[in-house]
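Worksheet for the structure shown next.
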Amino acid sequence: MNSTNMFERLFFQALRIRLVEERIIDLYPSDVIQSPVHLSIGQEAVAVGACHSLTHNDLVFCTYRSHAFYLAKGGSLNEMFAELYGKITGCARGKAGSMHLAAPDVGLMGTSAVVASTIPHAVGAALAAKRLSKDQVIVGVFGDGATEEGVYHESLNFAALHSLPVVFLCENNGLAVHSFRKARQNFDILGHAQSYGLPVYSVPEGYDFVKVAETMSAVIEQVRLSQEAVFVEIQTFRYKEHVGTGEDFSCGYRNLEDCQSWKRQDPLEQFPALVEAFRPMIMQEIDAAVHFAESSPFPSIEELLCDVV
Amino acid sequence: MLCNSAMTSPVRSEASVSAVIDTDVKVMSYRDALHWTMYDALRCHDSVILIGQGVDDHKGIFGSTIGLAEKFGSDRVMDTPLAEEGMTGVAIGAALNGLYPIQTHIRADFSLLAMNQIINLAAKYKYMFGGKFNVPMLIRMIVGRSWGQGAQHSQSLQSLFAHIPGLKVVMPSSSQTILDTYSMVIAEYQGPVISFEHRLMYDLNFHVDSRTMSRGGDPFGSHVVRQGEDVTIVATSIMVLEAMRAADHLAKVADIQCDVIDLHCVSHPDWDLVMQSVRKTGRLVVADTSWREYGVCAEVCRVVAERNPEYLKKPVVSLAMQPSPCPTAKSLEDLFYPDLRQFVNAVAKLVLGNEAHGVQLPDTQSMADVYKRFKGPF
Ligand SMILES: Cc1ncc(C[n+]2csc(CCOP(=O)(O)OP(=O)(O)O)c2C)c(N)n1
Ligand SMILES: [Mg+2]
């Protein structure tokens with residue numbers, strides 16, 4: 001793929017995610033989506049870049065903020081909207097909502113609303129991949145806040161100890177809900193990860209999907225060959241409030257100026273002509289997915305006690 | 001598929017742990033049944049891994065995993081860091097990607113550090129994703145008792161887990177139930193199972209079916225282990241053995257006949273079996289290894305009260321631990337757990353209807369002293 005091609009392709013994917021979430025914002029006041037949404041607007045490049053070199057055989061474990069990863073990994077847009085609408089045709093038959101999207105057929109595994117809780121799953125899946133010689137790379141995605149949880153430490157230690165083919169991918173937006181990293185952490189994320197003997201990489205320009213893709217491509221290749229765990233931190237910026245569809249710059253805890261300077265680097269903000277070129281095609285797909293969700297039935301009583309044990 | 005063919009002996013590094021298992025075996029200790037099922041699972045299923053603190057050491061989880069690391073390799077029988085939540089998460093991830101993890105907690109108390117993974121994740125993965133995932137795994141938890149185990153090494157936490165939809169919780173009360181349950185669960189069941197093993201039973205010998213080892217069937221059934229007309233005793237784990245001792249005594253000295261039910265799968269008991277028995281006897285005693293409050297005793301009462309309270313001729317009696325943390329002094333510990341004398345007295349009073357029932361009671365003897373086959377710490 002030449003570089004223009006790659007840029008446009010990743011641009012298209014990132015834009016698709018943004019427009020999907022903007023549609024969610026439009027729909028939200030109507031209450032057709034009754035699910036807490038943690039939007040990835042501003043952070044799309046992380047998912048798009050990270051999934052670029054993964055095959056459907058490779059597995060990704062994520063968080064409640066996973067619309068972007070679900071779509072970047074190849075999850076069905078119809079099923080995603082249907083799930084947000086609480087319909088039987090949703091990816092989890094109406095039992096997941098926004099916070100538990102999954103598409104194992106394309107390698108998008110569990111997403112959890114309990115911070116840090118899927119990090120050890122990525123490690124366990126890597127243990128299985130290694131033992132069963134599955135030739136998989138497993139990616140565990142989590143936020144900067146998750147690195148404060150004990151299970152994060154337990155996971156890094158075990159993966160490093162047993163040389164497992166897992167990428168720890170920290171989506172560092174500097175915030176946990178409304179708290180900045182400095183108010184929460186007396187350690188340096190990279191230095192700490194390094195102390196387990198993990199190779200660490202950092203991408204400060206998390207708006208640049210090409211850069212993220214190149215870094216992740218090299219990292220994934222390295223893990224595939226070495227079968228050893230690697231840590232990657234990607235700095236990024238959350239444009240919206242933590243949960244919900246609004247902005248919260250007027251709430252006093254963060255600066256609009258920081259967001260604006262990030263946006264000045266964000267290709268989705270900087271190339272309006274390209275946005276307009278791609279928009280019609282993407283909108284068509286989104287319209288169709290929303291229509292699919294709206295015209296699907298709600299789950300009925302048979303579904304309530306199905307798949308419990 | 002179950003794999004019950006040639007039962008060659010696993011390598012043992014500690015000769016005293018048990019006799020060699022051969023096809024003529026008719027008596028097998030609880031420990032050897034555990035060891036056999038672990039060995040058999042590793043032998044029959046390449047996907048099985050055994051993970052837990054100390055599974056590969058010379059003590060091997062009270063002898064139940066001794067020699068298995070040597071036989072099957074340290075990548076299948078893995079010692080773990082002291083990281084209960086993380087390792088449970090690792091087990092879940094491994095289960096999601098093709099392995100069958102068997103995880104051990106040498107004390108059930110330590111599983112409390114893994115509650116997030118067990119309750120928020122393992123129990124929910126199937127439902128929360130609309131049936132897209134299964135988490136086949138077995139978590140073995142050992143309930144300690146006696147010799148000063150105290151407040152944090154003796155808890156029997158079945159009701160915490162049985163409360164949660166998505167989990168199956170079993171409490172094997174004999175070698176045969178281990179053979180039957182573990183073999184089937186590991187071979188065929190696709191969800192997370194938690195098993196509470198009782199430390200005091202490890203050294204006890206039980207009769208087992210010598211022809212088949214595992215008899216197949218429903219690993220989550222409840223069982224009538226003794227038939228009688230006068231009173232129903234619903235029991236769990238080692239309290240099944242206490243119920244049998246009480247029933248023997250009562251039959252001998254007072255011709256009171258007990259119907260004893262081993263509830264076994266406390267999360268999904270066979271309620272019809274329980275109700276049939278209560279209908280027959282009209283009297284119910286529940287004997288559990290944990291506290292009464294919000295536990296198995298409470299749950300059995302709920303179901304009887306909701307279904308057919310008119311079956312009961314008398315109020316239900318429950319036998320359980322006293323409502324305190326477990327003390328360490330033996331004098332207190334013996335008061336904390338119900339003993340055989342209390343058991344017999346309670347049943348006799350219920351059946352004969354008065355305090356002065358005149359039934360001869362067994363001598364007071366600490367239950368731990370009856371079952372304990374070891375000296376010193378464990
Ligand atoms: C164990 C746990 N504690 C607290 C919460 C509440 N909570 C939800 S998201 C969040 C912030 C997490 O921050 P981070 O890991 O940086 O992810 P981000 O939301 O920034 O993507 C918190 C504290 C939770 N869901 N789970
Ligand atoms: Mg964050």
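Residues in the structure tokens are named by chain (A, B, ... in the order shown) and by number from 1 within that chain; ligands are numbered from 1 in the order shown.
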* All residues within 10 Å of ligand 1 are required, counting only C-alpha atoms and all ligand atoms; please report them as a ChimeraX atom specification. => /A:38-40,43,63-66,112-117,141-149,170-181,236-238,241-243 /B:116
Only C-alpha atoms, please: the residues just picked out, written as a short mmCIF file (atom, residue, chain, number, x, y, z; two decimals), in the first residue's frame.
```
data_model
loop_
_atom_site.label_atom_id
_atom_site.label_comp_id
_atom_site.auth_asym_id
_atom_site.auth_seq_id
_atom_site.Cartn_x
_atom_site.Cartn_y
_atom_site.Cartn_z
CA HIS A 38 -18.52 6.33 26.29
CA LEU A 39 -17.60 7.98 23.04
CA SER A 40 -14.25 7.60 21.33
CA GLN A 43 -9.51 8.82 19.97
CA THR A 63 -13.23 -1.65 27.62
CA TYR A 64 -16.62 0.03 27.81
CA ARG A 65 -15.21 2.69 25.44
CA SER A 66 -15.07 0.38 22.48
CA SER A 112 -16.03 -4.84 30.11
CA ALA A 113 -17.39 -1.94 32.13
CA VAL A 114 -15.24 -2.81 35.12
CA VAL A 115 -12.01 -0.89 34.67
CA ALA A 116 -8.94 -3.08 33.90
CA SER A 117 -10.89 -6.30 34.11
CA VAL A 141 -6.68 -2.31 25.37
CA PHE A 142 -7.18 -0.16 28.45
CA GLY A 143 -7.08 3.46 29.58
CA ASP A 144 -4.51 5.29 31.65
CA GLY A 145 -6.75 4.94 34.70
CA ALA A 146 -6.66 1.17 34.42
CA THR A 147 -2.93 1.19 35.07
CA GLU A 148 -3.72 2.06 38.68
CA GLU A 149 -5.57 -1.19 39.29
CA CYS A 170 -2.71 1.89 26.83
CA GLU A 171 -5.06 4.48 25.38
CA ASN A 172 -3.82 7.41 27.39
CA ASN A 173 -6.30 10.29 27.25
CA GLY A 174 -4.92 11.66 30.51
CA LEU A 175 -8.27 11.41 32.24
CA ALA A 176 -10.18 8.96 34.35
CA VAL A 177 -13.68 10.39 34.34
CA HIS A 178 -12.80 13.92 35.56
CA SER A 179 -9.44 13.26 37.22
CA PHE A 180 -6.14 14.02 35.62
CA ARG A 181 -3.31 11.53 35.71
CA THR A 236 -4.83 10.70 22.78
CA PHE A 237 -7.58 13.19 23.56
CA ARG A 238 -11.17 12.68 24.60
CA GLU A 241 -17.53 14.14 28.36
CA HIS A 242 -16.56 10.83 29.99
CA VAL A 243 -19.95 9.23 29.49
CA ASN B 116 -14.36 -9.37 40.53
#
```
* Asked: Out of region 187-368 of chain B, which residues get helix (DSSP H, G or I) from DSSP, as a VMD selection string?
  -> chain B and resid 187 to 188 199 to 201 238 to 254 271 to 281 296 to 307 309 to 311 330 to 336 340 to 352 367 to 368
* To do: DSSP on the backbone, then: every residue of region 129-182 of chain A marked strand (DSSP E), written as a ChimeraX atom specification.
  => /A:138-143,166-172,175-176,179-180
* Counting only C-alpha atoms, chain B residues within 8 Å of chain A, as JSON, numbers by chain -> {"B": [75, 81, 83, 85, 86, 87, 89, 90, 91, 92, 93, 94, 95, 96, 97, 98, 99, 116, 117, 120, 121, 124, 125, 126, 127, 128, 129, 130, 131, 132, 165, 166, 167, 168, 191]}
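Comparing A:Thr89, A:Ser30, A:Gln235, A:Ser295 by their smallest distance to ligand 2, the closest is A:Gln235 (using only C-alpha atoms and all ligand atoms).
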* Please identify all polymer residues within 7 Å of region 316-318 of chain B, counting only C-alpha atoms, omitting same-chain residues fewer than 2 positions from it, and present them as a PyMOL selection string. => chain B and resi 283-287+297+314+320
Can you write out the residues you just picked, keeping C-alpha atoms, as a short mmCIF file (atom, residue, chain, number, x, y, z; two decimals), in the first residue's frame?
```
data_model
loop_
_atom_site.label_atom_id
_atom_site.label_comp_id
_atom_site.auth_asym_id
_atom_site.auth_seq_id
_atom_site.Cartn_x
_atom_site.Cartn_y
_atom_site.Cartn_z
CA ARG B 283 -39.99 -32.79 58.90
CA LEU B 284 -36.89 -31.00 57.68
CA VAL B 285 -33.41 -30.46 59.03
CA VAL B 286 -30.89 -28.51 56.98
CA ALA B 287 -27.21 -29.04 57.79
CA CYS B 297 -30.22 -23.12 55.18
CA LYS B 314 -43.06 -28.94 62.33
CA ALA B 320 -24.82 -24.42 60.85
#
```
* Which of these, A:Val200, A:Ala193, A:Ile234, A:Leu77, has the shortest distance to ligand 2 once you count only C-alpha atoms and all ligand atoms? -> A:Ile234
* **CA of Ser159 (chain B) to CA of Ile194 (chain B), straight-line distance in Å** =>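 Answer for the CA of Ile194 (chain B) to CA of Ser159 (chain B) separation: 11.3 Å.
Look at Leu225 (chain A): the protein and nucleic acid residues within 10 Å of it, using only C-alpha atoms and passing over chain neighbours fewer than 6 places away, are A:Asp135, A:Val137, A:Pro165, A:Val219.
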* For CA of Asp209 (chain B) and CA of Asp180 (chain B), determine how far apart the two atoms are, in Å to one decimal place. =>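 If I compute the distance from CA of Asp209 (chain B) to CA of Asp180 (chain B), I get 10.1 Å.
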* To do: Could you give me, as a ChimeraX atom specification, the residues within 9 Å of Asp369 (chain B), counting only C-alpha atoms and dropping anything in the same chain fewer than 4 positions from it?
  => /B:146,365,373
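Each of A:Gln136, A:Ser3, A:Ser98, A:Ser226 was checked against His56 (chain A) using only C-alpha atoms; the smallest atom-to-atom distance is that of A:Gln136.
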